[in-house]
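> Sending over upload_1.cif (mmCIF, C-alpha atoms).
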```
data_structure
loop_
_atom_site.label_atom_id
_atom_site.label_comp_id
_atom_site.auth_asym_id
_atom_site.auth_seq_id
_atom_site.Cartn_x
_atom_site.Cartn_y
_atom_site.Cartn_z
CA MET Q 1 173.22 178.19 60.17
CA ASN Q 2 170.21 179.46 58.18
CA ASP Q 3 166.73 180.03 59.58
CA ASP Q 4 165.38 176.69 58.37
CA GLU Q 5 168.17 174.77 60.07
CA TRP Q 6 167.61 176.82 63.21
CA ASP Q 7 163.90 176.09 63.16
CA GLU Q 8 164.48 172.38 62.70
CA ARG Q 9 166.86 172.20 65.64
CA LEU Q 10 164.62 174.44 67.69
CA SER Q 11 161.64 172.22 67.02
CA LYS Q 12 163.63 169.09 67.91
CA ALA Q 13 164.92 170.59 71.15
CA ALA Q 14 161.46 171.91 72.04
CA ARG Q 15 159.99 168.41 72.18
CA ALA Q 16 161.39 168.17 75.68
CA TYR Q 17 159.39 171.25 76.69
CA HIS Q 18 156.89 170.36 79.45
CA GLN Q 19 157.25 166.66 78.68
CA PRO Q 20 153.95 165.14 79.83
CA PRO Q 21 153.99 162.21 82.24
CA GLU Q 22 151.64 159.27 81.76
CA THR Q 23 148.01 160.40 81.84
CA PRO Q 24 146.47 159.84 85.28
CA ARG Q 25 143.32 158.48 83.67
CA GLU Q 26 141.58 157.11 86.73
CA GLU Q 27 142.30 160.17 88.85
CA ILE Q 28 140.98 162.52 86.17
CA TRP Q 29 137.90 160.37 85.59
CA ALA Q 30 137.17 160.23 89.31
CA GLY Q 31 137.47 164.04 89.43
CA ILE Q 32 135.07 164.43 86.51
CA ARG Q 33 132.50 162.17 88.14
CA ALA Q 34 132.82 163.86 91.52
CA ARG Q 35 132.51 167.34 90.08
CA ARG Q 36 129.49 166.47 87.95
CA LYS Q 37 127.82 164.80 90.92
CA ARG Q 38 128.55 167.76 93.18
CA ARG Q 39 127.29 170.16 90.57
CA SER Q 40 124.05 168.28 90.13
CA VAL Q 41 123.48 168.45 93.87
CA LEU Q 42 124.39 172.10 94.22
CA ARG Q 43 122.82 173.46 91.08
CA PRO Q 44 119.37 174.89 91.75
CA PRO Q 45 116.67 173.33 89.65
CA GLN Q 46 116.33 174.90 86.22
CA VAL Q 47 112.92 176.16 87.23
CA ILE Q 48 114.53 178.53 89.74
CA TRP Q 49 116.78 180.03 87.08
CA TRP Q 50 113.81 180.26 84.82
CA SER Q 51 111.73 181.97 87.49
CA VAL Q 52 114.47 184.52 88.06
CA GLY Q 53 114.67 185.13 84.33
CA VAL Q 54 110.93 185.51 83.98
CA ALA Q 55 110.77 187.87 86.95
CA ALA Q 56 113.51 190.02 85.46
CA LEU Q 57 111.80 190.02 82.09
CA LEU Q 58 108.46 190.96 83.57
CA ILE Q 59 110.14 193.97 85.15
CA ILE Q 60 111.62 194.91 81.79
CA GLY Q 61 108.24 194.32 80.19
CA ILE Q 62 106.56 196.57 82.71
CA GLY Q 63 109.13 199.27 82.01
CA ILE Q 64 108.66 199.01 78.28
CA GLY Q 65 104.93 198.91 78.69
CA ARG Q 66 104.96 202.08 80.75
CA LEU Q 67 107.10 203.85 78.19
CA THR Q 68 104.85 202.84 75.32
CA VAL Q 69 101.42 203.25 76.88
CA THR Q 70 101.83 206.35 78.98
CA HIS Q 71 99.25 208.10 76.77
CA GLN Q 72 96.70 205.42 77.70
CA PRO Q 73 96.58 205.55 81.47
CA ALA Q 74 93.56 203.28 81.59
CA ASN Q 75 95.60 200.39 80.21
CA PRO Q 76 98.27 199.40 82.72
CA ALA Q 77 101.33 197.83 81.14
CA PRO Q 78 101.63 194.75 83.36
CA VAL Q 79 98.33 193.45 82.07
CA VAL Q 80 99.62 193.58 78.51
CA VAL Q 81 102.61 191.40 79.45
CA ALA Q 82 100.54 189.02 81.51
CA ARG Q 83 97.99 188.46 78.77
CA ALA Q 84 100.50 187.75 76.05
CA PRO Q 85 100.03 184.29 74.54
CA SER Q 86 102.91 181.88 75.27
CA ARG Q 87 104.43 184.50 77.47
CA GLN Q 88 107.43 182.41 78.47
CA GLY Q 89 108.58 182.03 74.90
CA ALA Q 90 107.84 185.65 74.09
CA ALA Q 91 109.64 186.92 77.17
CA MET Q 92 112.62 184.74 76.37
CA ALA Q 93 112.74 186.02 72.84
CA VAL Q 94 112.62 189.62 74.03
CA ALA Q 95 115.47 188.97 76.43
CA ALA Q 96 117.50 187.21 73.76
CA ILE Q 97 117.07 190.00 71.24
CA GLN Q 98 118.02 192.64 73.78
CA HIS Q 99 121.01 190.60 74.80
CA LEU Q 100 122.18 189.96 71.25
CA SER Q 101 121.80 193.67 70.44
CA ARG Q 102 124.01 194.60 73.37
CA ALA Q 103 126.55 191.93 72.46
CA GLU Q 104 126.64 193.12 68.87
CA ALA Q 105 127.24 196.70 70.02
CA LEU Q 106 130.04 195.63 72.33
CA LEU Q 107 131.79 193.46 69.75
CA THR Q 108 131.49 196.12 67.07
CA GLY Q 109 133.10 198.59 69.46
CA PHE Q 110 135.77 196.09 70.42
CA ARG Q 111 136.67 195.44 66.82
CA ALA Q 112 136.70 199.16 66.03
CA GLU Q 113 139.01 199.93 68.95
CA GLY Q 114 141.40 197.30 67.68
CA LYS Q 115 144.69 196.99 69.49
CA THR Q 116 143.82 199.53 72.18
CA ALA Q 117 140.77 197.53 73.29
CA GLY Q 118 142.86 195.19 75.44
CA GLY Q 119 143.53 197.78 78.09
CA ASP Q 120 140.00 199.18 78.25
CA ALA Q 121 138.35 198.18 81.51
CA ASN Q 122 134.92 199.16 80.11
CA PHE Q 123 135.10 196.37 77.56
CA SER Q 124 136.00 193.82 80.23
CA ALA Q 125 133.22 194.95 82.56
CA SER Q 126 130.58 194.94 79.82
CA ALA Q 127 131.77 191.59 78.52
CA ARG Q 128 131.56 190.11 82.03
CA ASP Q 129 128.00 191.35 82.37
CA LEU Q 130 127.02 189.95 78.99
CA LEU Q 131 128.80 186.68 79.72
CA SER Q 132 126.57 186.03 82.74
CA THR Q 133 123.44 186.60 80.69
CA THR Q 134 124.78 184.44 77.87
CA ARG Q 135 125.28 181.57 80.29
CA LEU Q 136 121.84 182.09 81.76
CA LEU Q 137 120.32 181.88 78.30
CA LEU Q 138 122.41 178.79 77.48
CA ASP Q 139 121.09 177.12 80.61
CA SER Q 140 117.50 177.88 79.75
CA PRO Q 141 115.28 174.92 78.84
CA GLU Q 142 113.54 177.22 76.36
CA LEU Q 143 116.67 177.27 74.25
CA THR Q 144 115.85 174.61 71.70
CA ASP Q 145 117.07 176.17 68.47
CA PRO Q 146 120.49 174.61 67.66
CA GLN Q 147 121.53 177.65 65.61
CA MET Q 148 120.82 179.98 68.51
CA ARG Q 149 122.67 177.65 70.88
CA SER Q 150 125.67 177.59 68.59
CA LEU Q 151 125.59 181.39 68.32
CA LEU Q 152 125.40 181.79 72.10
CA GLU Q 153 128.24 179.30 72.63
CA ASP Q 154 130.50 181.15 70.22
CA LEU Q 155 129.50 184.40 71.88
CA GLU Q 156 130.29 182.92 75.29
CA LEU Q 157 133.79 181.97 74.16
CA VAL Q 158 134.59 185.40 72.74
CA LEU Q 159 133.14 187.23 75.76
CA ALA Q 160 135.17 185.01 78.09
CA GLN Q 161 138.31 185.94 76.17
CA ILE Q 162 137.51 189.66 76.36
CA THR Q 163 136.82 189.54 80.10
CA GLN Q 164 140.26 188.09 80.63
CA LEU Q 165 142.16 190.63 78.59
CA SER Q 166 144.33 192.94 80.60
CA ALA Q 167 146.32 196.05 79.71
CA GLU Q 168 149.48 193.95 79.91
CA ASP Q 169 148.33 191.53 77.25
CA GLY Q 170 150.05 192.06 73.95
CA HIS Q 171 148.36 193.04 70.73
CA GLU Q 172 148.49 189.46 69.60
CA GLU Q 173 145.86 188.52 72.21
CA VAL Q 174 143.49 191.15 70.81
CA ASP Q 175 144.38 189.99 67.30
CA LEU Q 176 143.50 186.42 68.21
CA ILE Q 177 140.10 187.51 69.52
CA THR Q 178 139.29 189.67 66.51
CA GLU Q 179 140.51 186.92 64.21
CA GLY Q 180 138.25 184.49 66.06
CA LEU Q 181 135.34 186.89 65.65
CA LYS Q 182 135.98 186.99 61.92
CA GLN Q 183 136.51 183.25 61.58
CA ARG Q 184 133.27 182.43 63.38
CA GLY Q 185 131.39 185.13 61.48
CA LEU Q 186 130.02 186.17 64.85
CA LEU Q 187 129.03 189.73 64.03
CA PRO Q 188 127.11 188.87 60.85
CA ARG Q 189 125.41 186.00 62.69
CA LEU Q 190 124.46 188.29 65.56
CA ARG Q 191 123.11 190.87 63.14
CA SER Q 192 121.06 188.33 61.27
CA ALA Q 193 119.65 187.01 64.55
CA ILE Q 194 118.47 190.49 65.50
CA PRO Q 195 115.34 191.35 63.57
CA ALA Q 196 115.71 194.45 61.38
CA GLY Q 197 114.61 197.58 63.20
CA SER Q 198 114.15 195.38 66.20
CA ALA Q 199 112.63 196.76 69.25
CA ALA Q 200 113.12 194.80 72.38
CA THR Q 201 109.43 194.11 72.22
CA SER Q 202 109.71 192.04 69.08
CA ALA Q 203 109.20 188.37 69.68
CA GLN Q 204 111.25 186.86 66.89
CA GLY Q 205 114.37 184.79 67.34
CA GLU Q 206 113.12 181.25 67.89
CA ILE Q 207 114.77 180.52 71.18
CA MET E 1 132.78 151.61 67.14
CA ASP E 2 133.53 155.09 65.80
CA ASP E 3 133.18 158.40 67.59
CA ARG E 4 129.81 159.21 66.08
CA GLU E 5 128.32 155.98 67.32
CA LEU E 6 129.81 156.51 70.75
CA ILE E 7 128.46 160.05 70.88
CA ALA E 8 124.99 158.82 69.95
CA ARG E 9 125.17 156.33 72.82
CA VAL E 10 126.36 158.98 75.25
CA LEU E 11 123.45 161.19 74.23
CA ALA E 12 121.14 158.24 74.77
CA GLY E 13 122.38 158.08 78.35
CA GLU E 14 124.82 155.17 78.23
CA ALA E 15 127.38 155.73 80.97
CA THR E 16 129.81 153.17 79.55
CA ALA E 17 129.87 155.02 76.24
CA GLU E 18 130.85 158.19 78.09
CA ARG E 19 133.80 156.41 79.64
CA ALA E 20 134.77 154.87 76.29
CA LEU E 21 134.74 158.27 74.63
CA TYR E 22 136.84 159.64 77.48
CA ASP E 23 139.35 156.77 77.23
CA ARG E 24 139.73 157.29 73.53
CA HIS E 25 140.60 160.99 73.75
CA VAL E 26 141.96 161.70 77.20
CA ASP E 27 145.63 161.19 76.37
CA ARG E 28 145.59 163.74 73.58
CA VAL E 29 143.76 166.29 75.74
CA TYR E 30 146.01 165.73 78.73
CA ARG E 31 149.18 165.96 76.65
CA LEU E 32 148.14 169.30 75.22
CA ALA E 33 147.00 170.60 78.61
CA TYR E 34 150.29 169.56 80.18
CA ARG E 35 152.38 171.05 77.39
CA LEU E 36 150.56 174.36 77.78
CA ALA E 37 150.41 174.41 81.56
CA GLY E 38 153.64 172.65 82.51
CA ASP E 39 152.10 171.55 85.78
CA PRO E 40 150.41 168.23 86.61
CA ASP E 41 147.68 169.75 88.78
CA LEU E 42 146.75 172.35 86.21
CA ALA E 43 146.86 169.80 83.41
CA ARG E 44 144.54 167.50 85.39
CA ASP E 45 142.13 170.37 86.12
CA PHE E 46 142.10 171.55 82.51
CA THR E 47 141.49 168.01 81.30
CA GLN E 48 138.61 167.57 83.74
CA ASP E 49 137.11 170.91 82.72
CA THR E 50 137.45 169.98 79.07
CA PHE E 51 135.53 166.73 79.41
CA ILE E 52 132.88 168.18 81.72
CA ARG E 53 132.28 170.96 79.26
CA ALA E 54 132.39 168.61 76.28
CA PHE E 55 129.84 166.22 77.83
CA ASP E 56 127.60 169.17 78.71
CA ARG E 57 127.72 170.46 75.15
CA LEU E 58 127.85 167.17 73.31
CA ALA E 59 124.39 167.69 71.84
CA SER E 60 125.67 170.80 70.10
CA TYR E 61 128.48 168.90 68.33
CA ARG E 62 127.34 169.04 64.73
CA GLY E 63 129.91 166.71 63.24
CA ASP E 64 131.26 169.31 60.79
CA ALA E 65 134.77 168.49 61.99
CA ALA E 66 136.22 165.36 63.57
CA PHE E 67 135.27 164.95 67.21
CA SER E 68 138.94 165.12 68.21
CA THR E 69 139.19 168.53 66.51
CA TRP E 70 136.08 169.78 68.30
CA LEU E 71 137.42 168.47 71.59
CA THR E 72 140.79 170.13 70.97
CA ALA E 73 138.98 173.42 70.46
CA VAL E 74 137.25 172.95 73.82
CA ALA E 75 140.55 171.97 75.45
CA THR E 76 142.50 174.94 74.13
CA SER E 77 139.73 177.30 75.16
CA VAL E 78 139.68 175.85 78.68
CA ALA E 79 143.48 175.85 79.00
CA LEU E 80 144.01 179.35 77.61
CA ASN E 81 141.28 180.84 79.77
CA GLY E 82 142.72 179.04 82.80
CA LEU E 83 146.24 180.23 82.06
CA ARG E 84 145.10 183.82 81.59
CA LYS E 85 143.30 183.72 84.94
CA LEU E 86 146.39 182.24 86.55
CA LYS E 87 148.65 184.87 85.03
CA ARG E 88 146.50 187.62 86.47
CA PHE E 89 146.39 185.96 89.86
CA ARG E 90 150.15 185.52 89.94
CA GLU E 91 150.74 189.07 88.84
CA ARG E 92 148.63 190.27 91.71
CA GLU E 93 150.45 188.07 94.17
CA THR E 94 154.02 188.65 93.11
CA ASP E 95 155.88 190.50 90.46
CA LEU E 96 156.90 187.39 88.55
CA GLU E 97 157.57 189.26 85.36
CA HIS E 98 160.23 191.27 87.14
CA GLY E 99 161.76 188.10 88.50
CA ASP E 100 161.87 186.54 85.06
CA LYS E 101 163.55 189.54 83.56
CA VAL E 102 166.20 189.61 86.22
CA ALA E 103 166.82 185.91 85.76
CA SER E 104 167.12 186.19 82.01
CA LYS E 105 169.90 188.73 82.32
CA ARG E 106 172.22 186.28 83.97
CA SER E 107 175.13 185.74 81.69
CA SER E 108 175.78 182.06 82.34
CA GLU E 109 173.00 179.71 81.25
CA PRO E 110 174.51 176.25 81.31
CA ASP E 111 171.70 174.23 79.83
CA LEU E 112 170.22 174.86 76.42
CA LYS E 113 167.00 172.94 77.05
CA GLU E 114 166.42 174.78 80.28
CA ARG E 115 167.02 178.09 78.57
CA LEU E 116 164.79 177.11 75.65
CA SER E 117 162.01 176.14 78.06
CA ARG E 118 162.28 179.48 79.78
CA GLU E 119 162.19 181.36 76.48
CA ILE E 120 159.13 179.39 75.34
CA ASP E 121 157.47 180.25 78.66
CA ARG E 122 158.19 183.90 78.00
CA LEU E 123 156.51 183.94 74.60
CA PRO E 124 153.15 185.71 74.47
CA LEU E 125 150.43 183.14 75.12
CA GLY E 126 149.13 183.24 71.55
CA TYR E 127 152.56 182.56 70.04
CA ARG E 128 153.35 179.94 72.66
CA THR E 129 150.11 178.07 72.02
CA VAL E 130 150.70 177.85 68.29
CA PHE E 131 154.37 176.94 68.76
CA VAL E 132 153.58 174.19 71.26
CA MET E 133 150.71 172.80 69.21
CA HIS E 134 152.67 172.76 65.96
CA ASP E 135 156.33 172.23 66.77
CA VAL E 136 155.99 170.28 69.99
CA GLU E 137 152.75 168.30 69.63
CA GLY E 138 152.62 168.07 65.85
CA TYR E 139 149.19 169.57 65.14
CA THR E 140 148.65 170.85 61.61
CA HIS E 141 147.93 174.52 60.92
CA GLU E 142 144.41 173.50 59.89
CA GLU E 143 143.83 171.82 63.24
CA ILE E 144 145.29 174.79 65.08
CA GLY E 145 143.17 177.20 63.07
CA THR E 146 140.02 175.26 63.92
CA ALA E 147 140.93 174.91 67.59
CA LEU E 148 141.75 178.59 68.05
CA GLY E 149 139.12 179.92 65.67
CA VAL E 150 141.66 181.62 63.43
CA GLU E 151 142.66 181.37 59.78
CA THR E 152 145.36 178.88 58.83
CA GLY E 153 147.48 181.81 57.65
CA THR E 154 147.26 183.39 61.08
CA SER E 155 148.49 180.20 62.67
CA LYS E 156 151.44 180.12 60.26
CA ALA E 157 152.24 183.75 60.93
CA GLN E 158 152.09 183.23 64.71
CA LEU E 159 154.42 180.25 64.43
CA SER E 160 156.86 182.18 62.31
CA ARG E 161 156.92 185.04 64.83
CA ALA E 162 157.32 182.64 67.72
CA ARG E 163 160.28 180.96 66.06
CA ALA E 164 161.84 184.32 65.21
CA LYS E 165 161.56 185.41 68.84
CA LEU E 166 163.16 182.18 70.01
CA ARG E 167 165.98 182.45 67.45
CA GLU E 168 166.65 185.96 68.64
CA ALA E 169 166.51 185.03 72.32
CA LEU E 170 168.80 182.03 71.85
CA ALA E 171 171.24 183.60 69.42
CA ASP E 172 174.10 183.06 71.85
CA PHE E 173 173.54 179.30 71.60
CA ALA E 174 173.93 179.21 67.82
CA GLY E 175 177.45 177.85 68.12
CA GLU E 176 176.31 174.89 70.18
CA TRP E 177 173.72 173.91 67.61
CA LYS E 178 176.09 173.72 64.70
CA PRO E 179 176.19 170.20 63.28
#
```
Could you render the structure from this file as structure tokens?


Amino acid sequence: MNDDEWDERLSKAARAYHQPPETPREEIWAGIRARRKRRSVLRPPQVIWWSVGVAALLIIGIGIGRLTVTHQPANPAPVVVARAPSRQGAAMAVAAIQHLSRAEALLTGFRAEGKTAGGDANFSASARDLLSTTRLLLDSPELTDPQMRSLLEDLELVLAQITQLSAEDGHEEVDLITEGLKQRGLLPRLRSAIPAGSAATSAQGEI
Amino acid sequence: MDDRELIARVLAGEATAERALYDRHVDRVYRLAYRLAGDPDLARDFTQDTFIRAFDRLASYRGDAAFSTWLTAVATSVALNGLRKLKRFRERETDLEHGDKVASKRSSEPDLKERLSREIDRLPLGYRTVFVMHDVEGYTHEEIGTALGVETGTSKAQLSRARAKLREALADFAGEWKP
């Protein structure tokens, strides 16, 4: 028997693999409704997430301010952040740019490491950290730009895949992730979303 | 009413449109989830997760591809992530891999389908996914490529490797398959 005949018989026999029963439509639908209802009850209002984000960003802003204005002791950094026009949008943009820069660095490293990246716990840990921030940004009401949303969603998917890689996973898992990176053009999109010579203080990135 | 119209109604807040969209696509999602998971509870959970995620992100669906293709991408992402988590959990709990290897060394395997199922289960997840989607569920390489975010050529290569592994693993059954 040649390979084609084998494959044909294999494919025919494989149709019995995990033969699905009838879809339990009502049960699944009830589960969806219950989980969405529960989530809406449990999820803290967006404003709380936003407050946490703003608080974190103000701390970052203070840090950056102190670094950049240490030669002007009469001008405390917090005031600079507080006086910024549309400070919510600006703070969000700063956070997004910092986040995208970190993600770009991680993914560049991941791609460079290639097949050995799967067993590297540092990649998983960093990806997990970035994944949380990505989801926080995706949940933000300030995120109105569809291109940025699409970029963050693709980033979320890739980061989720990296966090779940283990040393036991074969090279093909890493290949699938790097192939996905290429297919989605994620690195070029990340790079174009990060302003050239960007400092974290830049407020570009329409988020 | 086509998918686009339904989606517009869902986005406008029509609960009945949400259910109609669900009814239209749930079988395809559940079938794929079941084929990949092989367990009714997991398949139900993956299907629920897929629709919850899809409804959450519906506004970001740009219509570049068919809605069913977009939904398949969500479903495969949910199922593969879930299966990877499960694999890790099981590996922590028991040494299943060791058990599988011991079992596969038994010389007498009476049933070809049972043996084939076991060998498909033992394929690396990436190969298994492409094999199941293409050879079992009949997805095209283009659909698989879109769902997994890979090139069509990669999907073809993965399928070819999966089949080669299965041919090799089932070589002792070649005689039984002769016409």

> Using the chain letters and numbers from the file, which residues does the PyMOL selection byres ((chain Q) within 9 of (chain E)) grab, as a PyMOL selection string?

chain Q and resi 1+3+6-7+9-25+27-29+31-33+35-36+146+149-150+157+160-161+164-166+169-170+172-173+176-184

> Which neighbours of segment 101-106 of chain Q fall inside 8 Å, counting only C-alpha atoms, when residues of the same chain fewer than 3 positions from it are skipped, and could you give them as a PDB file with C-alpha atoms, in the coordinates of the input?


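Now in around.pdb:
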```
ATOM      1  CA  ILE Q  97     117.070 190.000  71.240  1.00  0.00           C
ATOM      2  CA  GLN Q  98     118.020 192.640  73.780  1.00  0.00           C
ATOM      3  CA  GLY Q 109     133.100 198.590  69.460  1.00  0.00           C
ATOM      4  CA  PHE Q 110     135.770 196.090  70.420  1.00  0.00           C
ATOM      5  CA  PHE Q 123     135.100 196.370  77.560  1.00  0.00           C
ATOM      6  CA  SER Q 126     130.580 194.940  79.820  1.00  0.00           C
ATOM      7  CA  ALA Q 127     131.770 191.590  78.520  1.00  0.00           C
ATOM      8  CA  LEU Q 130     127.020 189.950  78.990  1.00  0.00           C
ATOM      9  CA  LEU Q 187     129.030 189.730  64.030  1.00  0.00           C
ATOM     10  CA  LEU Q 190     124.460 188.290  65.560  1.00  0.00           C
ATOM     11  CA  ARG Q 191     123.110 190.870  63.140  1.00  0.00           C
ATOM     12  CA  ILE Q 194     118.470 190.490  65.500  1.00  0.00           C
TER      13      ILE Q 194
END
```

> Glu113 of chain Q: which residues within 12 Å, counting all atoms listed in the file, same-chain residues fewer than 5 positions away excluded, as a list in words?

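Here the answer would be Leu106, Leu107, Thr108, Gly118, Gly119, Asp120, Asn122, Phe123, His171, Val174, Asp175 and Thr178 of chain Q.
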
> Separation of atom CA of Ala193 of chain Q and atom CA of Val94 of chain Q, in Å?

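Distance between the two atoms: 12.1 Å.
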
> Have a look at E:Thr140, E:Thr152, E:Arg4, E:Ala157 and name the one nearest to Asp64 of chain E; count only C-alpha atoms.

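Closest residue, counting only C-alpha atoms: E:Arg4.
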
> Rank E:Phe67, E:Val130, E:Ile7, E:Ile144 by their smallest atom-to-atom distance to Leu159 of chain E, using only C-alpha atoms, and report the top residue only.

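Closest residue, counting only C-alpha atoms: E:Val130.
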
> Check what the PyMOL selection byres ((chain Q and resi 144) around 12) selects in the file above and give those residues as a VMD selection string.

(chain Q and resid 89 92 to 93 137 to 143 145 to 150 152 205 to 207) or (chain E and resid 59 to 60)

> I want to know what sits within 12 Å of Arg9 of chain E, based on all atoms listed in the file, with residues of the same chain fewer than 4 positions away left out; could you give that as a VMD selection string?

chain E and resid 1 to 5 13 to 21 58 to 59

> Hey, which of E:Ala73, E:His141, E:Phe173, E:Arg128 ends up closest to Gly153 of chain E? Count all atoms listed in the file.

E:His141

> Grab the atom CA of Glu8 of chain Q to atom CA of Leu42 of chain E distance for me, in Å with one decimal place.

29.4 Å

> Counting all atoms listed in the file, figure out which residue out of Q:Glu26, Q:Leu131, Q:Leu136, Q:Gly185 gets nearest to Glu156 of chain Q.

Q:Leu131

> What is the atom CA of Arg115 of chain E to atom CA of Lys165 of chain E distance in Å?

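One can read the atom CA of Arg115 of chain E to atom CA of Lys165 of chain E distance as 13.3 Å.
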